[in-house]
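The next block is run03.txt, given as compact mmCIF, C-alpha atoms.
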```txt
# COMPACT_ATOMS: atom_id res chain seq x y z
CA MET A 1 19.73 -10.70 -20.54
CA THR A 2 17.98 -9.72 -17.30
CA GLN A 3 14.32 -10.62 -17.23
CA ALA A 4 11.98 -7.66 -16.78
CA LEU A 5 10.43 -7.27 -13.35
CA SER A 6 6.70 -7.90 -13.30
CA ILE A 7 4.79 -5.64 -10.91
CA ALA A 8 1.41 -5.95 -9.22
CA VAL A 9 -0.28 -3.15 -7.32
CA ILE A 10 -2.49 -4.29 -4.42
CA ILE A 11 -4.98 -1.68 -3.20
CA THR A 12 -6.91 -2.19 0.03
CA THR A 13 -10.33 -0.53 0.22
CA TYR A 14 -13.48 -0.37 2.30
CA ASN A 15 -16.65 1.52 1.33
CA SER A 16 -15.00 4.60 -0.17
CA PRO A 17 -16.07 4.34 -3.81
CA ASP A 18 -15.45 7.97 -4.76
CA TYR A 19 -11.92 7.91 -3.37
CA LEU A 20 -11.27 4.54 -4.99
CA ARG A 21 -12.48 5.79 -8.37
CA ARG A 22 -9.91 8.61 -8.33
CA VAL A 23 -7.15 6.31 -7.09
CA LEU A 24 -7.80 3.75 -9.83
CA ASP A 25 -7.96 6.45 -12.49
CA ALA A 26 -4.46 7.57 -11.52
CA TYR A 27 -3.13 4.11 -12.36
CA LEU A 28 -4.33 4.58 -15.95
CA HIS A 29 -1.98 7.55 -16.26
CA GLN A 30 1.23 6.07 -14.91
CA THR A 31 4.46 6.54 -16.85
CA ARG A 32 4.98 2.82 -16.23
CA LEU A 33 1.74 0.86 -16.03
CA PRO A 34 1.43 -1.97 -13.52
CA ASP A 35 1.36 -5.47 -14.97
CA GLU A 36 -1.61 -6.28 -12.75
CA LEU A 37 -3.81 -4.46 -10.27
CA ILE A 38 -5.69 -6.21 -7.48
CA VAL A 39 -8.31 -4.53 -5.31
CA ALA A 40 -8.32 -6.11 -1.84
CA ASP A 41 -11.82 -5.31 -0.66
CA ASP A 42 -12.44 -5.59 3.09
CA GLY A 43 -16.21 -6.13 2.71
CA SER A 44 -17.49 -3.12 0.74
CA THR A 45 -20.98 -2.84 -0.70
CA GLN A 46 -22.16 -2.94 -4.33
CA ALA A 47 -21.13 0.67 -5.03
CA THR A 48 -17.46 -0.31 -4.75
CA ARG A 49 -17.95 -3.36 -6.95
CA GLU A 50 -19.46 -1.17 -9.67
CA ILE A 51 -16.48 1.20 -9.58
CA ILE A 52 -14.10 -1.75 -10.01
CA GLU A 53 -16.16 -3.28 -12.82
CA ALA A 54 -16.15 0.01 -14.74
CA PHE A 55 -12.40 0.39 -14.22
CA THR A 56 -11.74 -3.17 -15.38
CA LYS A 57 -13.36 -2.44 -18.75
CA GLN A 58 -10.99 0.45 -19.51
CA ALA A 59 -7.76 -0.72 -17.88
CA PRO A 60 -5.03 -1.89 -20.31
CA PHE A 61 -3.77 -4.38 -17.71
CA PRO A 62 -5.45 -7.24 -15.80
CA VAL A 63 -7.60 -6.21 -12.84
CA LYS A 64 -8.73 -8.57 -10.08
CA HIS A 65 -11.17 -7.97 -7.23
CA VAL A 66 -10.92 -10.05 -4.06
CA TRP A 67 -13.67 -9.55 -1.49
CA HIS A 68 -14.69 -11.04 1.82
CA GLU A 69 -17.61 -10.48 4.15
CA ASP A 70 -17.63 -7.35 6.27
CA LEU A 71 -16.72 -8.63 9.73
CA GLY A 72 -14.84 -5.55 10.82
CA PHE A 73 -11.34 -4.32 9.95
CA ARG A 74 -9.49 -7.32 8.48
CA ALA A 75 -6.91 -5.71 6.24
CA ALA A 76 -4.33 -8.42 6.95
CA LYS A 77 -6.60 -11.20 5.74
CA VAL A 78 -7.80 -9.47 2.58
CA ARG A 79 -4.23 -8.54 1.61
CA ASN A 80 -3.33 -12.21 1.91
CA GLU A 81 -6.25 -13.08 -0.37
CA ALA A 82 -4.83 -10.64 -2.91
CA VAL A 83 -1.35 -12.15 -2.67
CA LYS A 84 -2.83 -15.60 -3.29
CA VAL A 85 -4.26 -14.62 -6.68
CA CYS A 86 -1.14 -12.70 -7.77
CA GLN A 87 1.73 -14.24 -9.73
CA LYS A 88 3.87 -11.14 -10.29
CA ASP A 89 7.42 -10.73 -9.01
CA TYR A 90 7.06 -7.50 -7.10
CA LEU A 91 4.17 -6.28 -4.97
CA ILE A 92 3.34 -2.63 -4.34
CA PHE A 93 0.83 -2.26 -1.51
CA SER A 94 -1.30 0.85 -1.25
CA ASP A 95 -4.77 1.95 -0.11
CA GLY A 96 -7.95 3.11 -1.76
CA ASP A 97 -7.52 6.58 -0.28
CA CYS A 98 -4.01 7.13 -1.68
CA ILE A 99 -3.70 8.71 -5.12
CA PRO A 100 -0.33 7.81 -6.68
CA HIS A 101 2.01 10.27 -8.34
CA SER A 102 2.15 9.69 -12.10
CA ALA A 103 5.65 8.15 -11.78
CA TYR A 104 4.71 6.03 -8.76
CA VAL A 105 5.07 2.58 -10.33
CA ALA A 106 8.14 3.59 -12.35
CA ASP A 107 9.81 4.99 -9.24
CA HIS A 108 9.18 1.81 -7.28
CA GLU A 109 10.54 -0.29 -10.12
CA SER A 110 13.73 1.77 -10.29
CA ILE A 111 14.52 1.25 -6.59
CA SER A 112 13.38 -2.35 -6.23
CA GLN A 113 16.16 -4.61 -5.03
CA LYS A 114 16.39 -8.17 -3.79
CA GLY A 115 17.03 -8.29 -0.07
CA TYR A 116 15.14 -5.05 0.62
CA PHE A 117 11.63 -3.85 1.22
CA VAL A 118 10.67 -0.26 0.45
CA GLN A 119 8.70 2.04 2.74
CA GLY A 120 7.41 4.94 0.68
CA LYS A 121 6.27 8.32 1.92
CA ARG A 122 2.90 10.03 1.72
CA ILE A 123 1.69 13.58 1.36
CA ILE A 124 -1.34 14.26 3.53
CA VAL A 125 -4.27 15.98 1.82
CA ARG A 126 -6.27 17.99 4.33
CA GLU A 127 -9.98 17.47 4.94
CA ARG A 128 -11.20 20.64 3.28
CA VAL A 129 -9.90 19.64 -0.17
CA SER A 130 -9.91 15.83 -0.08
CA ALA A 131 -13.35 15.56 -1.68
CA SER A 132 -12.07 17.19 -4.88
CA PHE A 133 -8.29 16.74 -4.79
CA VAL A 134 -6.62 15.45 -7.96
CA PRO A 135 -2.84 15.89 -8.42
CA SER A 136 -3.31 16.80 -12.07
CA SER A 137 -0.66 19.48 -12.55
CA VAL A 138 2.48 20.96 -11.02
CA ILE A 139 0.78 24.37 -10.94
CA GLY A 140 -2.13 22.92 -8.99
CA LEU A 141 0.23 21.32 -6.49
CA VAL A 142 2.05 24.61 -6.01
CA GLY A 143 -1.32 26.16 -5.15
CA HIS A 144 -1.98 23.44 -2.58
CA CYS A 145 1.40 24.17 -1.03
CA LEU A 146 0.73 27.91 -0.87
CA PHE A 147 -2.68 27.45 0.73
CA ARG A 148 -1.41 24.69 3.03
CA THR A 149 -4.02 22.21 1.92
CA ILE A 150 -1.39 19.46 1.85
CA LYS A 151 1.07 18.39 4.54
CA GLY A 152 4.53 17.03 3.79
CA ALA A 153 4.98 19.07 0.63
CA HIS A 154 8.79 18.74 0.87
CA HIS A 155 8.33 15.22 -0.52
CA LEU A 156 7.29 16.82 -3.82
CA VAL A 157 10.96 17.54 -4.56
CA ARG A 158 11.78 14.95 -7.23
CA LEU A 159 14.98 12.94 -6.76
CA PRO A 160 14.11 9.61 -8.43
CA GLY A 161 16.37 6.76 -7.40
CA PHE A 162 17.58 8.41 -4.21
CA THR A 163 16.90 6.25 -1.16
CA VAL A 164 17.87 6.14 2.49
CA THR A 165 18.67 2.81 4.11
CA THR A 166 17.24 2.72 7.60
CA THR A 167 16.33 0.36 10.41
CA GLY A 168 13.41 0.11 12.76
CA LEU A 169 9.65 0.23 12.39
CA ARG A 170 9.01 3.94 12.67
CA GLY A 171 6.79 5.17 9.84
CA ILE A 172 5.83 1.72 8.56
CA LYS A 173 2.60 2.04 6.58
CA THR A 174 1.27 -0.29 3.93
CA CYS A 175 -0.39 2.62 2.14
CA ASN A 176 2.95 2.81 0.28
CA PHE A 177 5.02 -0.32 0.69
CA ALA A 178 6.81 -2.59 -1.79
CA VAL A 179 8.47 -5.98 -1.50
CA HIS A 180 9.24 -9.02 -3.63
CA ARG A 181 6.49 -11.62 -3.60
CA ASP A 182 8.83 -14.48 -2.72
CA ALA A 183 9.73 -12.73 0.55
CA VAL A 184 6.03 -12.29 1.36
CA LEU A 185 5.47 -16.01 0.82
CA ALA A 186 8.54 -16.90 2.88
CA ILE A 187 7.15 -15.13 5.97
CA ASN A 188 3.63 -16.49 5.24
CA GLY A 189 2.14 -13.11 4.41
CA PHE A 190 0.29 -10.87 6.82
CA ASN A 191 -0.70 -12.13 10.26
CA GLU A 192 -4.47 -12.66 10.18
CA ALA A 193 -4.61 -12.71 13.98
CA PHE A 194 -4.65 -8.91 13.63
CA VAL A 195 -8.20 -7.61 13.56
CA GLY A 196 -9.21 -4.02 14.08
CA TRP A 197 -7.03 -1.11 13.07
CA GLY A 198 -3.36 -0.93 13.87
CA ARG A 199 0.07 -2.55 13.79
CA GLU A 200 -0.58 -5.34 11.28
CA ASP A 201 1.73 -3.52 8.88
CA SER A 202 4.46 -2.99 11.49
CA GLU A 203 4.32 -6.65 12.49
CA PHE A 204 4.63 -7.62 8.83
CA ALA A 205 7.74 -5.46 8.51
CA ALA A 206 9.18 -6.84 11.76
CA ARG A 207 9.02 -10.33 10.31
CA LEU A 208 10.60 -9.18 7.05
CA PHE A 209 13.48 -7.86 9.15
CA ALA A 210 13.66 -11.20 10.98
CA PHE A 211 13.77 -12.97 7.61
CA GLY A 212 16.85 -10.93 6.77
CA LEU A 213 15.54 -8.12 4.61
CA LYS A 214 16.73 -4.55 4.94
CA ARG A 215 14.65 -1.39 4.63
CA LYS A 216 15.07 1.57 2.35
CA ASP A 217 12.93 4.70 2.05
CA PRO A 218 12.62 7.00 -0.99
CA PRO A 219 11.91 10.46 0.47
CA PHE A 220 11.62 12.21 -2.89
CA SER A 221 9.96 9.72 -5.24
CA ALA A 222 7.35 6.92 -5.29
CA MET A 223 4.87 9.28 -3.66
CA VAL A 224 1.17 8.95 -2.80
CA PHE A 225 -1.33 11.64 -1.84
CA HIS A 226 -3.27 10.41 1.19
CA LEU A 227 -6.84 11.72 1.20
CA TRP A 228 -8.38 12.65 4.54
CA HIS A 229 -10.83 10.27 6.21
CA PRO A 230 -12.18 9.85 9.74
CA GLU A 231 -9.93 7.83 12.03
CA ASN A 232 -10.61 4.14 12.43
CA SER A 233 -11.55 2.74 15.81
CA ARG A 234 -8.59 2.05 18.11
CA ALA A 235 -10.53 -0.54 20.12
CA TYR A 236 -8.12 -3.39 19.29
CA LEU A 237 -4.93 -1.38 19.45
CA ALA A 238 -3.74 -2.66 22.86
CA ASP A 239 -4.08 -6.29 21.73
CA ASN A 240 -2.37 -5.52 18.45
CA ASP A 241 0.47 -3.75 20.24
CA ARG A 242 1.07 -6.90 22.27
CA MET A 243 1.19 -9.07 19.14
CA LEU A 244 3.63 -6.64 17.54
CA GLU A 245 5.88 -6.78 20.60
CA ASP A 246 5.75 -10.58 20.54
CA ALA A 247 6.87 -10.59 16.90
CA ILE A 248 9.76 -8.24 17.65
CA THR A 249 11.04 -10.18 20.67
CA SER A 250 10.54 -13.68 19.23
CA LYS A 251 12.46 -12.89 16.03
CA GLN A 252 10.35 -15.52 14.26
CA PHE A 253 9.70 -14.55 10.66
CA ARG A 254 6.90 -16.96 9.77
CA CYS A 255 3.49 -16.43 11.37
CA PRO A 256 1.17 -19.42 11.91
CA CYS A 257 -2.00 -17.59 10.86
CA GLY A 258 -1.10 -16.21 7.47
CA ILE A 259 -1.50 -17.28 3.86
CA GLU A 260 -1.07 -20.87 5.00
CA LYS A 261 -2.69 -21.92 8.27
CA GLN A 262 -0.83 -24.15 10.71
```

Show how you would write the structure in this file as structure tokens.
Amino acid sequence: MTQALSIAVIITTYNSPDYLRRVLDAYLHQTRLPDELIVADDGSTQATREIIEAFTKQAPFPVKHVWHEDLGFRAAKVRNEAVKVCQKDYLIFSDGDCIPHSAYVADHESISQKGYFVQGKRIIVRERVSASFVPSSVIGLVGHCLFRTIKGAHHLVRLPGFTVTTTGLRGIKTCNFAVHRDAVLAINGFNEAFVGWGREDSEFAARLFAFGLKRKDPPFSAMVFHLWHPENSRAYLADNDRMLEDAITSKQFRCPCGIEKQ
């Protein structure tokens, strides 16, 4: 008998408590609940902690909160801290501004496969409705499509289980990304040399490719609704681009500054 896959959802957040509250609430209404949920907190204030504490009391699954001091954008490091406290088989990475479809976890479970990572899609929620957006009904979503308050509405077509196998790093985003935990440990997690916004997720995927994994994308399932927010600073982008290029050309899958430090 095949052992059931255990699933953890890892949500990265930073000082967006209202968005995070709505995101967490959506995980209470999944058709397949996660076995564990971990909030990877990149240095938020007390307001975020209170949201997580309230959610923990009502969640029917274990909830963990990992936090580190606010020293700027360090998503790679805080995701590694989340991986360290997780013991589940399969990791679904998302963000605290991405509300999952009600079948999000179930969809990811249905397409999970050893030897692959999954890059999910997102539907962009425009600024003028992000403060109140909740994907609570099909009728409501049709209205958003008609009034063009969401972008990428074609992803709302439901074809669960359908995936496209692809190569390359285009469209890599850890706001909707899934992979087996043993592969994450094999490549030593995210590269903590990445600070500031940009490319830490692409570099992570490049090393998964180097490790031998393949990529598949589900264009019509496992969907998140990405709420609008101001753009992060691009001040470190040139440095991060260089580190990404190094990872691609070196073909080394294990980074020295990851979960374990060399």

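For the residues A:Phe162, A:Phe253, A:Arg128, A:Phe117, ranking by smallest atom-to-atom distance to A:Arg148 using all atoms listed in the file places A:Arg128 first.
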
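Taking only C-alpha atoms into account, A:Leu20 lies nearest to A:Leu227 out of the set A:Ala178, A:Val66, A:Ala106, A:Leu227.
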
What is the distance, in Å and to one decimal place, between atom CA of A:Arg122 and atom CA of A:Cys98?
8.2 Å

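Near A:Tyr19, within 12 Å and counting all atoms listed in the file, sit A:Ile11, A:Thr12, A:Thr13, A:Asp25, A:Ala26, A:Ala47, A:Thr48, A:Ile51, A:Ile52, A:Asp95, A:Gly96, A:Asp97, A:Cys98, A:Ile99, A:Ser130, A:Ala131, A:Ser132, A:Phe133, A:Val134, A:Phe225, A:His226, A:Leu227, A:Trp228, A:His229; same-chain residues fewer than 6 positions away were not included.
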
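Atom CA of A:Val179 lies 12.8 Å from atom CA of A:Val105.
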
Ref. answer, residues at most 12 Å from (11.0, -6.7, -10.2) with all atoms listed in the file, as a PyMOL selection string:
chain A and resi 2-8+34-35+87-92+105-117+178-182

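Straight-line separation from atom CA of A:Thr56 to atom CA of A:Ala222: 23.8 Å.
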
Close residues, A:Ile10 itself excluded, 9 Å, only C-alpha atoms, min 4 positions apart in chain, as a ChimeraX atom specification
/A:36-40,79,82-83,91-95

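Using all atoms listed in the file, the shortest contact distance between A:Ala76 and any of A:Phe190, A:Phe211, A:Trp197, A:Phe220 is found at A:Phe190.
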
Would you kindly return, as number ranges by chain, each protein, DNA or RNA residue with an atom no farther than 8 Å from any atom of A:Arg254, considering all atoms listed in the file and excluding same-chain residues fewer than 5 positions away?
A: 186-188, 207

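For the set A:Gly212, A:Gly152, A:Lys64, A:Val157, the residue with the smallest atom-to-atom gap to A:Gln252 is A:Gly212, counting all atoms listed in the file.
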